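Visitor: Have a look at this one before I ask anything.
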Amino acid sequence: RKTTLTRLKEQPTASLDGARVELAANIGRVEDVAKALVNGAEGIGLFRTEFLYMGRDSLPSEEEQMNSYRVVLEKMEGKPVVIRTLDIGGDKELPYLNLPKESNPFLGLRALRFCLKREDLFRTQLRALLRASRFGNLKIMFPMIAVLDELLEAKRVLAEERAKLEAEGVELGAHIEVGMMIEVPSAAVAADLFAKEVDFFSIGTNDLIQYTMAADRMNESVAYLYQPCHPTILRLVNMVIRAAEREGKWVGMCGEMAGDPSAVPLLLGLGLHEFSMSAGSVLPTRELIAGLSKHEWSRLAEQALTMRSQEDVLQFVQHQLKGAN
Ligand code: PEP
Ligand code: MG
């Protein structure tokens, strides 16, 4: 098995019937890139930049951030790198910002909401990203968007910083895609509206499930409601992919679900383009996909959408996987 996986490291990801998808890795630190490459990742699907801001007592400077982004982009040698703007709040705090305590931090001033309040800090990060863009294939992604106005505002700030840098004569990357995470149910439901305004979506199922099920992702007592293969979640994922497809945009997933072996066949069938996961899951997922017919799973996933529970879906998936062997 080890040798099979090693062989797969050099190969692109394709299904049994020849459909190509991209398997990317999630990283939190610049050093994680090495592990992504060793494990055959075809890109970085999520760089959680909040770790550059944590474990210290002041904000990282534009220069410091730009150097970190540059190293990641260079090490990936032109492969796609999705860098997410700061997702602070929720369970991730920055003590040196002295933010007021919130009674529901996961429903509070988190991620892009915070960045639009603290535009100074947001602009610094965007400038660092733009300045790093010429060193690789950068895609910028905004987290936790609930309504269209937030996306438009973020894009406006980005365009302003871009124009300033251009006026300063700074060299930028040729084509920087701009996308957003789909992790708030309101964004999934209105994905058709958002799809017209972005180059791509990445579905953040850790939060999308938490907010759809109204179940705190840190609370053990309600952990049973974390059900990635529940038809409700599959329907949302399906809506998002269909909406993006109609606008010719690509869709990735960077929540835990993307590397879940029970979910992968369904996601392939629904037409997900990019799967981003912890580096260690990349090769096993490539092996799994190589044995699946996308055409067949597209039909099976349709059936799963109409089922009554996650248990029904999981049994169905297991049964189909056994039948195929
Ligand atoms: C997610 O919500 O699925 C996600 C990938 O973001 P994070 O886990 O960093 O909140
Ligand atoms: Mg999230």
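To be explicit about the labels: the chains of the structure tokens are called A, B, and onward in the order shown, and within each one the residues are counted from 1, while ligands get numbers from 1 in the order they are shown.
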List as JSON lines every residue of chain A that is in contact with ligand 1, defined as an atom at most 6 Å from one of its atoms (using only C-alpha atoms and all ligand atoms), together with the nearest atom pair and the distance in Å rounded to one decimal, sorted by chain and then rising number.
Guide:
```
{"residue": "A:Glu183", "atom": "CA", "partner": "ligand 1", "partner_atom_place_in_ligand_line": "2 (O)", "distance": 5.9}
{"residue": "A:Gly204", "atom": "CA", "partner": "ligand 1", "partner_atom_place_in_ligand_line": "3 (O)", "distance": 3.0}
{"residue": "A:Thr205", "atom": "CA", "partner": "ligand 1", "partner_atom_place_in_ligand_line": "3 (O)", "distance": 4.0}
{"residue": "A:Asn206", "atom": "CA", "partner": "ligand 1", "partner_atom_place_in_ligand_line": "3 (O)", "distance": 3.5}
{"residue": "A:Asp207", "atom": "CA", "partner": "ligand 1", "partner_atom_place_in_ligand_line": "2 (O)", "distance": 3.8}
{"residue": "A:Cys254", "atom": "CA", "partner": "ligand 1", "partner_atom_place_in_ligand_line": "5 (C)", "distance": 4.7}
{"residue": "A:Gly255", "atom": "CA", "partner": "ligand 1", "partner_atom_place_in_ligand_line": "3 (O)", "distance": 3.4}
```
Visitor: If you keep N, CA and C atoms, can you produce a file of those selected residues as a PDB file, in the first residue's frame?
Guide:
```
ATOM      1  N   GLU A 183     -19.312  29.577   4.423  1.00  0.00           N
ATOM      2  CA  GLU A 183     -19.361  28.914   5.732  1.00  0.00           C
ATOM      3  C   GLU A 183     -20.494  29.437   6.607  1.00  0.00           C
ATOM      4  N   GLY A 204     -16.411  26.059   3.672  1.00  0.00           N
ATOM      5  CA  GLY A 204     -15.826  25.792   4.988  1.00  0.00           C
ATOM      6  C   GLY A 204     -16.839  25.025   5.819  1.00  0.00           C
ATOM      7  N   THR A 205     -16.755  23.710   5.711  1.00  0.00           N
ATOM      8  CA  THR A 205     -17.812  22.900   6.330  1.00  0.00           C
ATOM      9  C   THR A 205     -17.756  22.888   7.859  1.00  0.00           C
ATOM     10  N   ASN A 206     -16.580  23.154   8.429  1.00  0.00           N
ATOM     11  CA  ASN A 206     -16.517  23.147   9.900  1.00  0.00           C
ATOM     12  C   ASN A 206     -17.490  24.183  10.442  1.00  0.00           C
ATOM     13  N   ASP A 207     -17.471  25.359   9.853  1.00  0.00           N
ATOM     14  CA  ASP A 207     -18.398  26.403  10.280  1.00  0.00           C
ATOM     15  C   ASP A 207     -19.774  26.249   9.646  1.00  0.00           C
ATOM     16  N   CYS A 254     -12.635  23.373   2.027  1.00  0.00           N
ATOM     17  CA  CYS A 254     -11.459  23.325   2.890  1.00  0.00           C
ATOM     18  C   CYS A 254     -11.794  22.961   4.327  1.00  0.00           C
ATOM     19  N   GLY A 255     -13.041  22.554   4.573  1.00  0.00           N
ATOM     20  CA  GLY A 255     -13.386  22.040   5.900  1.00  0.00           C
ATOM     21  C   GLY A 255     -12.967  20.584   5.993  1.00  0.00           C
TER      22      GLY A 255
END
```
Visitor: Mind checking which residues fall within 8 Å of Val30 of chain A, counting only C-alpha atoms, ignoring those fewer than 2 positions away in the same chain, and posting them as a list of chain:residue names?
Guide: A:Ile27, A:Gly28, A:Asp32, A:Val33, A:Ser68, A:Tyr69, A:Val71, A:Val72
Visitor: If you run DSSP on the backbone, which residues of segment 9-253 of chain A are strand (DSSP E), as a VMD selection string?
Guide: chain A and resid 13 to 14 20 to 27 44 to 48 80 to 84 137 to 142 177 to 182 200 to 203 250 to 253
Visitor: For each of A:Gly248, A:Pro228, A:Phe275, A:Ala258, take the minimum atom-to-atom distance to Leu314 of chain A, counting only C-alpha atoms, then give the residue where this is smallest.
Guide: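 For Leu314 of chain A, the nearest of the given residues is A:Pro228.
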Visitor: Do a neighbour search on Met218 of chain A at 12 Å with only C-alpha atoms, toss out local chain neighbours closer than 4 positions, and write the hits as a list in words.
Guide: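 Those residues are Gly90, Asp91, Lys92, Pro105, Phe106, Asn206, Asp207, Gln210, Ala214, Val222, Ala223, Tyr224, Leu225 and Tyr226 of chain A.
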Visitor: Residues at most 12 Å from Ser186 of chain A, counting only C-alpha atoms, excluding those fewer than 6 positions away in the same chain, as a list in words?
Guide: Met144, Ile145, Ala146, Val147, Leu148, Asp192, Leu193, Phe194, Leu208, Tyr211, Thr212, Leu236, Met239 and Val240 of chain A
Visitor: Can you tell me how far atom CA of Val170 of chain A sits from atom CA of Arg131 of chain A, in Å to one decimal?
Guide: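 Atom CA of Arg131 of chain A lies at a distance of 7.2 Å from atom CA of Val170 of chain A.
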Visitor: Based on the backbone DSSP call, show me all residues of segment 28-258 of chain A assigned alpha helix (DSSP H), as an MDAnalysis selection string.
Guide: chainID A and resid 32:38 50:53 62:75 112:117 119:132 148:167 185:189 191:195 205:213 231:246
Visitor: With C-alpha atoms retained, could you export that selection as a compact mmCIF listing (two decimals), in the first residue's frame?
Guide:
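Generated file (out.txt):
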```
# COMPACT_ATOMS: atom_id res chain seq x y z
CA ASP A 32 3.76 23.38 6.75
CA VAL A 33 4.40 23.79 3.02
CA ALA A 34 7.12 21.11 3.13
CA LYS A 35 4.64 18.56 4.45
CA ALA A 36 2.09 19.52 1.79
CA LEU A 37 4.66 18.92 -0.97
CA VAL A 38 5.97 15.66 0.48
CA GLU A 50 -4.35 33.99 11.74
CA PHE A 51 -1.37 31.96 13.00
CA LEU A 52 0.93 34.75 11.78
CA TYR A 53 -0.89 37.02 14.23
CA GLU A 62 3.35 44.43 6.18
CA GLU A 63 6.95 43.44 5.43
CA GLU A 64 6.85 40.46 7.75
CA GLN A 65 3.60 39.20 6.27
CA MET A 66 4.71 39.76 2.72
CA ASN A 67 7.83 37.66 3.40
CA SER A 68 5.76 34.79 4.79
CA TYR A 69 3.36 34.83 1.84
CA ARG A 70 6.27 35.07 -0.57
CA VAL A 71 7.99 32.00 0.86
CA VAL A 72 4.79 29.94 0.59
CA LEU A 73 4.17 31.08 -3.00
CA GLU A 74 7.77 30.43 -4.05
CA LYS A 75 7.92 27.00 -2.46
CA LEU A 112 -14.08 39.65 7.77
CA ARG A 113 -16.54 41.40 10.09
CA PHE A 114 -13.62 42.34 12.29
CA CYS A 115 -11.43 43.28 9.30
CA LEU A 116 -14.06 45.67 7.97
CA LYS A 117 -14.17 47.32 11.42
CA GLU A 119 -9.64 48.52 8.09
CA ASP A 120 -6.11 49.65 8.98
CA LEU A 121 -5.14 46.12 9.83
CA PHE A 122 -7.05 44.65 6.86
CA ARG A 123 -5.34 47.03 4.44
CA THR A 124 -1.91 46.04 5.77
CA GLN A 125 -2.66 42.39 5.11
CA LEU A 126 -4.05 43.06 1.63
CA ARG A 127 -0.98 45.11 0.69
CA ALA A 128 1.29 42.31 1.91
CA LEU A 129 -0.68 39.80 -0.17
CA LEU A 130 -0.66 41.96 -3.29
CA ARG A 131 3.07 42.63 -2.97
CA ALA A 132 3.74 38.89 -2.62
CA LEU A 148 -23.29 40.48 -0.35
CA ASP A 149 -22.43 43.94 0.99
CA GLU A 150 -19.59 42.48 3.06
CA LEU A 151 -18.07 40.93 -0.06
CA LEU A 152 -18.48 44.12 -2.07
CA GLU A 153 -16.89 46.15 0.71
CA ALA A 154 -13.93 43.76 0.98
CA LYS A 155 -13.46 43.87 -2.79
CA ARG A 156 -13.61 47.65 -2.75
CA VAL A 157 -10.86 47.89 -0.11
CA LEU A 158 -8.77 45.39 -2.07
CA ALA A 159 -9.21 47.37 -5.30
CA GLU A 160 -8.17 50.56 -3.50
CA GLU A 161 -4.98 49.00 -2.15
CA ARG A 162 -4.25 47.52 -5.54
CA ALA A 163 -4.64 50.90 -7.23
CA LYS A 164 -2.33 52.52 -4.66
CA LEU A 165 0.38 49.91 -5.20
CA GLU A 166 0.08 50.25 -8.96
CA ALA A 167 0.43 54.01 -8.65
CA PRO A 185 -25.77 29.33 5.64
CA SER A 186 -26.99 32.70 4.29
CA ALA A 187 -24.12 32.67 1.80
CA ALA A 188 -24.85 29.09 0.72
CA VAL A 189 -28.53 29.87 0.16
CA ALA A 191 -24.68 31.46 -3.62
CA ASP A 192 -26.10 32.48 -7.02
CA LEU A 193 -25.74 36.15 -6.08
CA PHE A 194 -22.23 35.72 -4.67
CA ALA A 195 -21.08 33.64 -7.66
CA THR A 205 -17.81 22.90 6.33
CA ASN A 206 -16.52 23.15 9.90
CA ASP A 207 -18.40 26.40 10.28
CA LEU A 208 -21.12 25.72 7.73
CA ILE A 209 -22.20 22.66 9.70
CA GLN A 210 -21.91 24.47 13.02
CA TYR A 211 -24.10 27.34 11.84
CA THR A 212 -26.58 25.22 9.90
CA MET A 213 -27.16 22.84 12.81
CA PRO A 231 -28.74 15.42 3.45
CA THR A 232 -29.23 18.99 4.70
CA ILE A 233 -25.51 19.67 4.39
CA LEU A 234 -25.26 17.81 1.08
CA ARG A 235 -28.11 19.92 -0.29
CA LEU A 236 -26.33 23.13 0.70
CA VAL A 237 -23.09 21.90 -0.88
CA ASN A 238 -25.03 20.96 -4.02
CA MET A 239 -26.68 24.40 -4.19
CA VAL A 240 -23.32 26.11 -3.94
CA ILE A 241 -21.73 23.98 -6.67
CA ARG A 242 -24.71 24.37 -9.03
CA ALA A 243 -24.77 28.16 -8.49
CA ALA A 244 -21.03 28.47 -9.20
CA GLU A 245 -21.27 26.23 -12.25
CA ARG A 246 -23.92 28.47 -13.78
```
Visitor: Between atom CA of Phe316 of chain A and atom CA of Pro284 of chain A, what is the distance, to one decimal in Å?
Guide: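 Result for atom CA of Phe316 of chain A versus atom CA of Pro284 of chain A: 21.0 Å, one decimal.
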Visitor: For a quick check of understanding, using only C-alpha atoms and all ligand atoms, which of A:Arg56, A:Lys79, A:Arg217, A:Arg308 has the smallest distance to ligand 2?
Guide: A:Arg217
